[in-house]
Amino acid sequence: TLILSVLPSILGWLALLAVVATFVAEGLPIETGLVLLIAGFTAQGWWDVRGRGDALLPDWYPRLRLILSAGAIAALLVGLVAIRFSLGA
């Protein structure tokens with residue numbers, strides 16, 4: 001579980017790297033960073049909801065994480081769609 005606990009941070013750094021590479025060196029497209037963030041929030045949300053029966057988590061925590069993760073994923077999807085349509089126009 002130690003590896004899984006640092007996985008979201010690694011995905012976040014990769015996503016940030018993709019965004020910075022876009023502005024600095026015309027590297028990875030910004031969509032790559034957004035998709036990585038969506039994948040990271042999805043995986044972390046699933047992991048937290050899956051841990052519902054753990055004695056270490058309070059009963060309300062998985063529901064809160066589900067709501068917060070869904071909101072973050074929805075915002076990232078809106079940004080991804082906006083970038084796709086603005087680049088295509």
# chains A, B, ... in the order shown; residues from 1 in each chain; ligands from 1

call {"tool": "residues_around", "arguments": {"residues": "Val6 of chain A", "least_positions_apart": "6", "cutoff": "12 Å", "atoms": "only C-alpha atoms", "output": "PDB file with all heavy atoms, in the first residue's frame"}}
result
ATOM      1  N   GLY A  12       0.393  13.213 -10.659  1.00  0.00           N
ATOM      2  CA  GLY A  12       0.278  14.676 -10.658  1.00  0.00           C
ATOM      3  C   GLY A  12       1.520  15.347 -11.227  1.00  0.00           C
ATOM      4  O   GLY A  12       1.432  16.299 -12.003  1.00  0.00           O
ATOM      5  N   TRP A  13       2.699  14.853 -10.844  1.00  0.00           N
ATOM      6  CA  TRP A  13       3.938  15.415 -11.380  1.00  0.00           C
ATOM      7  C   TRP A  13       4.046  15.170 -12.882  1.00  0.00           C
ATOM      8  O   TRP A  13       4.502  16.042 -13.629  1.00  0.00           O
ATOM      9  CB  TRP A  13       5.150  14.839 -10.655  1.00  0.00           C
ATOM     10  CG  TRP A  13       5.417  15.523  -9.359  1.00  0.00           C
ATOM     11  CD1 TRP A  13       5.213  15.035  -8.113  1.00  0.00           C
ATOM     12  CD2 TRP A  13       5.908  16.861  -9.189  1.00  0.00           C
ATOM     13  NE1 TRP A  13       5.552  15.971  -7.170  1.00  0.00           N
ATOM     14  CE2 TRP A  13       5.976  17.107  -7.809  1.00  0.00           C
ATOM     15  CE3 TRP A  13       6.276  17.878 -10.064  1.00  0.00           C
ATOM     16  CZ2 TRP A  13       6.414  18.319  -7.283  1.00  0.00           C
ATOM     17  CZ3 TRP A  13       6.712  19.076  -9.535  1.00  0.00           C
ATOM     18  CH2 TRP A  13       6.778  19.288  -8.163  1.00  0.00           C
ATOM     19  N   GLY A  40      -5.650   9.910 -12.667  1.00  0.00           N
ATOM     20  CA  GLY A  40      -5.207   9.902 -11.276  1.00  0.00           C
ATOM     21  C   GLY A  40      -6.347  10.095 -10.292  1.00  0.00           C
ATOM     22  O   GLY A  40      -6.445   9.385  -9.290  1.00  0.00           O
ATOM     23  N   GLN A  44      -7.569   7.255  -7.638  1.00  0.00           N
ATOM     24  CA  GLN A  44      -7.553   7.564  -6.207  1.00  0.00           C
ATOM     25  C   GLN A  44      -8.961   7.505  -5.627  1.00  0.00           C
ATOM     26  O   GLN A  44      -9.159   7.004  -4.513  1.00  0.00           O
ATOM     27  CB  GLN A  44      -6.939   8.937  -5.958  1.00  0.00           C
ATOM     28  CG  GLN A  44      -6.753   9.261  -4.502  1.00  0.00           C
ATOM     29  CD  GLN A  44      -5.785   8.323  -3.806  1.00  0.00           C
ATOM     30  OE1 GLN A  44      -4.709   8.069  -4.330  1.00  0.00           O
ATOM     31  NE2 GLN A  44      -6.147   7.821  -2.654  1.00  0.00           N
TER      32      GLN A  44
END

call {"tool": "atom_distance", "arguments": {"atom1": "atom CA of Ile83 of chain A", "atom2": "atom CA of Leu16 of chain A"}}
result
16.5 Å
